[in-house]
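Student: Got a structure for you, query.txt, holding compact mmCIF, C-alpha atoms.
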# COMPACT_ATOMS: atom_id res chain seq x y z
CA MET H 1 64.02 139.42 87.13
CA THR H 2 61.03 140.47 89.24
CA SER H 3 57.86 138.51 88.68
CA LYS H 4 54.43 140.11 88.57
CA ARG H 5 53.57 138.21 91.72
CA ALA H 6 56.57 139.60 93.55
CA GLY H 7 55.82 143.10 92.35
CA ALA H 8 52.24 142.83 93.56
CA THR H 9 53.40 142.49 97.15
CA HIS H 10 54.62 146.08 97.14
CA SER H 11 51.27 147.84 97.05
CA SER H 12 51.17 151.52 97.95
CA PRO H 13 49.69 152.55 101.33
CA ASN H 14 46.78 154.21 99.52
CA LYS H 15 45.91 150.98 97.68
CA VAL H 16 46.20 148.92 100.85
CA ALA H 17 44.08 151.42 102.79
CA SER H 18 41.34 151.20 100.14
CA ARG H 19 40.90 147.46 100.66
CA PRO H 20 38.29 146.33 103.24
CA ARG H 21 40.90 145.07 105.69
CA GLY H 22 43.04 148.15 105.11
CA LYS H 23 40.08 150.47 105.71
CA PHE H 24 39.28 148.66 108.95
CA LYS H 25 42.87 148.94 110.19
CA ARG H 26 43.14 152.59 109.16
CA LYS H 27 39.90 153.42 111.00
CA ALA H 28 41.12 151.58 114.10
CA ILE H 29 44.31 153.64 114.10
CA ILE H 30 42.42 156.92 113.68
CA ASP H 31 39.98 156.03 116.47
CA ALA H 32 42.84 155.08 118.79
CA ALA H 33 44.69 158.30 118.00
CA ALA H 34 41.57 160.42 118.55
CA SER H 35 40.93 158.87 121.96
CA ILE H 36 44.53 159.45 123.05
CA LEU H 37 44.42 163.02 121.75
CA MET H 38 41.31 163.73 123.83
CA GLU H 39 42.83 162.10 126.91
CA LYS H 40 46.40 163.42 126.77
CA GLY H 41 46.50 166.31 124.33
CA TYR H 42 48.80 166.76 121.37
CA ASP H 43 52.03 166.22 123.30
CA GLY H 44 50.61 162.95 124.59
CA LEU H 45 49.84 161.70 121.08
CA VAL H 46 52.75 159.28 120.79
CA MET H 47 52.81 157.03 117.75
CA ARG H 48 53.95 153.99 119.73
CA ASP H 49 51.02 154.41 122.13
CA VAL H 50 48.61 154.76 119.21
CA ALA H 51 49.92 151.53 117.70
CA ALA H 52 49.48 149.72 121.02
CA ARG H 53 45.90 150.93 121.47
CA ALA H 54 45.04 150.07 117.86
CA GLU H 55 46.58 146.63 118.43
CA THR H 56 48.97 146.94 115.53
CA LEU H 57 52.72 147.11 115.00
CA LEU H 58 54.41 150.51 114.94
CA GLY H 59 55.71 149.71 111.47
CA ASN H 60 52.16 149.06 110.27
CA LEU H 61 51.01 152.38 111.72
CA HIS H 62 53.78 154.24 109.88
CA TYR H 63 52.73 152.44 106.70
CA TYR H 64 49.36 154.19 106.89
CA PHE H 65 50.55 157.41 108.56
CA PRO H 66 54.25 158.18 108.05
CA THR H 67 54.15 161.20 110.39
CA LYS H 68 52.28 162.48 113.40
CA GLN H 69 51.05 165.38 111.27
CA ALA H 70 49.54 162.97 108.73
CA LEU H 71 47.73 161.19 111.55
CA LEU H 72 46.47 164.49 112.97
CA LEU H 73 45.07 165.47 109.59
CA ALA H 74 43.36 162.09 109.27
CA ILE H 75 41.68 162.51 112.65
CA PHE H 76 40.11 165.81 111.66
CA ASP H 77 39.27 164.67 108.15
CA GLU H 78 37.33 161.83 109.76
CA GLU H 79 35.47 164.30 111.97
CA SER H 80 34.73 166.63 109.04
CA SER H 81 33.43 163.77 106.90
CA ALA H 82 31.16 162.57 109.71
CA TYR H 83 29.83 166.10 110.18
CA ALA H 84 29.11 166.49 106.46
CA VAL H 85 27.13 163.24 106.44
CA THR H 86 25.12 164.28 109.51
CA LEU H 87 24.47 167.71 108.01
CA ARG H 88 23.07 166.24 104.79
CA GLU H 89 20.92 163.76 106.70
CA GLU H 90 19.46 166.42 109.02
CA ILE H 91 18.70 168.76 106.14
CA GLY H 92 17.24 165.93 104.09
CA ALA H 93 14.90 164.99 106.93
CA ALA H 94 13.53 168.54 107.23
CA SER H 95 10.27 169.17 105.39
CA THR H 96 10.39 172.90 104.61
CA ARG H 97 12.92 175.48 103.46
CA ASP H 98 13.04 177.20 106.85
CA LYS H 99 13.39 173.91 108.69
CA LYS H 100 16.24 172.93 106.40
CA LEU H 101 18.04 176.18 107.20
CA ILE H 102 17.49 175.69 110.91
CA ALA H 103 18.82 172.14 110.57
CA ILE H 104 22.19 173.63 109.63
CA ILE H 105 22.36 175.33 113.02
CA ASP H 106 20.84 172.48 115.02
CA SER H 107 23.00 169.75 113.50
CA SER H 108 26.10 171.78 114.33
CA LEU H 109 24.96 172.56 117.87
CA ALA H 110 24.30 168.86 118.40
CA GLU H 111 27.98 168.21 117.64
CA PHE H 112 28.95 170.37 120.60
CA ALA H 113 27.32 167.89 122.97
CA LYS H 114 29.71 165.18 121.83
CA PRO H 115 33.09 164.45 123.48
CA GLN H 116 34.78 165.07 120.11
CA LEU H 117 34.35 168.82 120.68
CA LYS H 118 37.51 168.54 122.76
CA LEU H 119 39.43 167.60 119.61
CA TRP H 120 38.59 170.93 118.00
CA ARG H 121 39.54 172.85 121.14
CA ILE H 122 42.91 171.11 121.10
CA LEU H 123 43.44 171.93 117.42
CA VAL H 124 42.47 175.59 117.87
CA ALA H 125 44.83 175.97 120.83
CA LEU H 126 47.64 174.18 119.01
CA ALA H 127 47.18 176.33 115.91
CA GLN H 128 48.17 179.42 117.91
CA HIS H 129 51.82 178.38 117.90
CA ASP H 130 52.16 175.42 115.53
CA THR H 131 52.17 176.14 111.79
CA GLU H 132 51.25 172.57 110.86
CA ALA H 133 48.26 172.61 113.19
CA LEU H 134 47.24 175.98 111.72
CA ARG H 135 47.37 174.45 108.24
CA VAL H 136 45.15 171.58 109.40
CA LEU H 137 42.71 173.99 111.08
CA ARG H 138 42.42 176.15 107.97
CA ARG H 139 41.88 173.10 105.81
CA GLU H 140 39.15 171.74 108.08
CA ASN H 141 37.45 175.13 108.29
CA ASP H 142 37.47 175.28 104.51
CA LEU H 143 35.87 171.84 104.30
CA PHE H 144 33.16 172.97 106.73
CA HIS H 145 32.50 176.17 104.79
CA LYS H 146 32.20 174.30 101.51
CA ALA H 147 29.87 171.68 102.99
CA VAL H 148 27.54 174.32 104.42
CA ALA H 149 27.72 176.53 101.32
CA THR H 150 26.80 173.56 99.12
CA GLU H 151 23.75 172.78 101.26
CA LEU H 152 22.73 176.44 101.38
CA ARG H 153 22.61 176.63 97.58
CA LYS H 154 20.51 173.47 97.45
CA ILE H 155 18.06 175.00 99.91
CA GLU H 156 18.07 178.45 98.30
CA PRO H 157 19.16 178.19 94.63
CA ARG H 158 19.07 181.98 94.23
CA LEU H 159 22.19 182.29 96.37
CA THR H 160 25.36 182.86 94.41
CA ALA H 161 28.37 180.70 95.23
CA GLN H 162 30.11 183.73 96.74
CA LYS H 163 27.12 184.70 98.91
CA ALA H 164 26.65 181.11 100.12
CA SER H 165 30.32 180.92 101.04
CA ARG H 166 30.13 184.13 103.05
CA ILE H 167 27.00 183.01 104.86
CA ALA H 168 28.72 179.72 105.68
CA ARG H 169 31.60 181.66 107.24
CA ILE H 170 29.18 183.77 109.29
CA ILE H 171 27.49 180.60 110.54
CA TRP H 172 30.86 179.15 111.49
CA ALA H 173 31.74 182.35 113.38
CA MET H 174 28.51 182.08 115.38
CA LEU H 175 29.12 178.42 116.10
CA ASP H 176 32.67 179.16 117.24
CA GLY H 177 31.20 181.53 119.79
CA PHE H 178 28.67 178.93 120.92
CA ALA H 179 31.43 176.38 121.35
CA ILE H 180 33.21 178.72 123.75
CA GLN H 181 30.01 179.53 125.62
CA ILE H 182 29.01 175.90 126.01
CA THR H 183 32.51 174.73 126.87
CA HIS H 184 33.01 177.20 129.71
CA GLU H 185 29.35 177.38 130.75
CA LEU H 186 29.41 181.17 130.97
CA ASP H 187 25.61 181.32 130.76
CA THR H 188 22.71 179.43 132.26
CA LYS H 189 21.04 176.67 130.30
CA ALA H 190 18.04 178.92 129.71
CA GLU H 191 20.26 181.68 128.34
CA ILE H 192 22.07 179.26 126.02
CA GLU H 193 18.73 178.00 124.70
CA ALA H 194 17.70 181.60 124.08
CA LEU H 195 20.96 182.20 122.18
CA LYS H 196 20.30 179.11 120.07
CA ALA H 197 16.87 180.48 119.19
CA GLU H 198 18.50 183.75 118.13
CA ALA H 199 20.96 181.84 115.95
CA ARG H 200 18.09 180.04 114.22
CA ALA H 201 16.36 183.35 113.62
CA ALA H 202 19.61 184.85 112.34
CA ILE H 203 20.15 182.27 109.61
CA LEU H 204 16.56 182.71 108.42
CA ALA H 205 17.05 186.45 108.27
CA ILE H 206 20.40 186.23 106.47
CA VAL H 207 19.06 183.95 103.75
CA ALA H 208 15.74 185.82 103.45
CA HIS H 209 17.14 188.21 100.84
CA PRO H 210 19.61 186.34 98.63
Spell out the structure here as structure tokens.
Tutor:
Amino acid sequence: MTSKRAGATHSSPNKVASRPRGKFKRKAIIDAAASILMEKGYDGLVMRDVAARAETLLGNLHYYFPTKQALLLAIFDEESSAYAVTLREEIGAASTRDKKLIAIIDSSLAEFAKPQLKLWRILVALAQHDTEALRVLRRENDLFHKAVATELRKIEPRLTAQKASRIARIIWAMLDGFAIQITHELDTKAEIEALKAEARAAILAIVAHP
């Protein structure tokens, strides 16, 4: 007969990960994996190396992330969540409607200055020939679109859900282009700043007539 105490030792990974110690360990694993991914690319993301950098046992890592794909998804979910928080904070700090709209562009552009931009470049490249990576990319794009669309409707309540979603996709398309420009430095700094100004003007114009 199994006692309640014995049964309690077999908690699910989700329950363990929700505890303070579990959250800390899970975050350490994700951070370790993200750093290796940026350094060595997807092929260099080896679970044993992640466990070593996170200072945990390989068995413990598999307890939280049974597969490499699950770990990859967690990395980008972490990035998406961090972006959503930053987006809300930047918009919340803006004092006018126009400034709030511009904050959507500026908060995203600020992300491009961070080393984590390399993670997205890796995912985009990988998605060209890996169906699992493509699934992750589509999911993360969807999370971005929803986050921006939600904020757009708060800023301009007259926008329908469909219109806000489409505007969010247009913004993402512009930002994709900026990411390429900034990454490869195809333009001078002055030209990039001018392009940023045009992007700010564009979002104001798009939302001007909901």
Student: Measuring between all atoms listed in the file, which one of H:Ala82, H:Phe65, H:Lys189, H:Tyr42 shows the shortest distance to Asp130 of chain H?
Tutor: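 Among the listed residues, the smallest separation from Asp130 of chain H belongs to H:Tyr42.
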Student: I'd like the neighbourhood of Glu55 of chain H as a ChimeraX atom specification, where a residue qualifies if any of its atoms comes within 12 Å (using all atoms listed in the file), though same-chain residues fewer than 2 positions away should be ignored.
Tutor: /H:25-26,28-29,31-33,48-53,57-61
Student: With C-alpha atoms retained, could you export that selection as a PDB file, in the frame of the given file?
Tutor:
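Result file out22.pdb:
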ATOM      1  CA  LYS H  25      42.870 148.940 110.190  1.00  0.00           C
ATOM      2  CA  ARG H  26      43.140 152.590 109.160  1.00  0.00           C
ATOM      3  CA  ALA H  28      41.120 151.580 114.100  1.00  0.00           C
ATOM      4  CA  ILE H  29      44.310 153.640 114.100  1.00  0.00           C
ATOM      5  CA  ASP H  31      39.980 156.030 116.470  1.00  0.00           C
ATOM      6  CA  ALA H  32      42.840 155.080 118.790  1.00  0.00           C
ATOM      7  CA  ALA H  33      44.690 158.300 118.000  1.00  0.00           C
ATOM      8  CA  ARG H  48      53.950 153.990 119.730  1.00  0.00           C
ATOM      9  CA  ASP H  49      51.020 154.410 122.130  1.00  0.00           C
ATOM     10  CA  VAL H  50      48.610 154.760 119.210  1.00  0.00           C
ATOM     11  CA  ALA H  51      49.920 151.530 117.700  1.00  0.00           C
ATOM     12  CA  ALA H  52      49.480 149.720 121.020  1.00  0.00           C
ATOM     13  CA  ARG H  53      45.900 150.930 121.470  1.00  0.00           C
ATOM     14  CA  LEU H  57      52.720 147.110 115.000  1.00  0.00           C
ATOM     15  CA  LEU H  58      54.410 150.510 114.940  1.00  0.00           C
ATOM     16  CA  GLY H  59      55.710 149.710 111.470  1.00  0.00           C
ATOM     17  CA  ASN H  60      52.160 149.060 110.270  1.00  0.00           C
ATOM     18  CA  LEU H  61      51.010 152.380 111.720  1.00  0.00           C
TER      19      LEU H  61
END
Student: Return the single residue from H:Ala205, H:Ile170, H:Leu159, H:Leu87 that is closest to Leu109 of chain H, with distances computed using all atoms listed in the file.
Tutor: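 Answer, going by the shortest atom-to-atom distance: H:Leu87.
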Student: So, counting all atoms listed in the file, which residue among H:Glu140, H:Glu78, H:Glu89, H:Asp106 is closest to Ile171 of chain H?
Tutor: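 Between H:Glu140, H:Glu78, H:Glu89, H:Asp106, the residue approaching Ile171 of chain H most closely is H:Asp106.
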Student: Which residue out of H:Lys196, H:His129, H:His62, H:Lys68 has the minimum interatomic distance to Val46 of chain H when only C-alpha atoms are used?
Tutor: H:Lys68
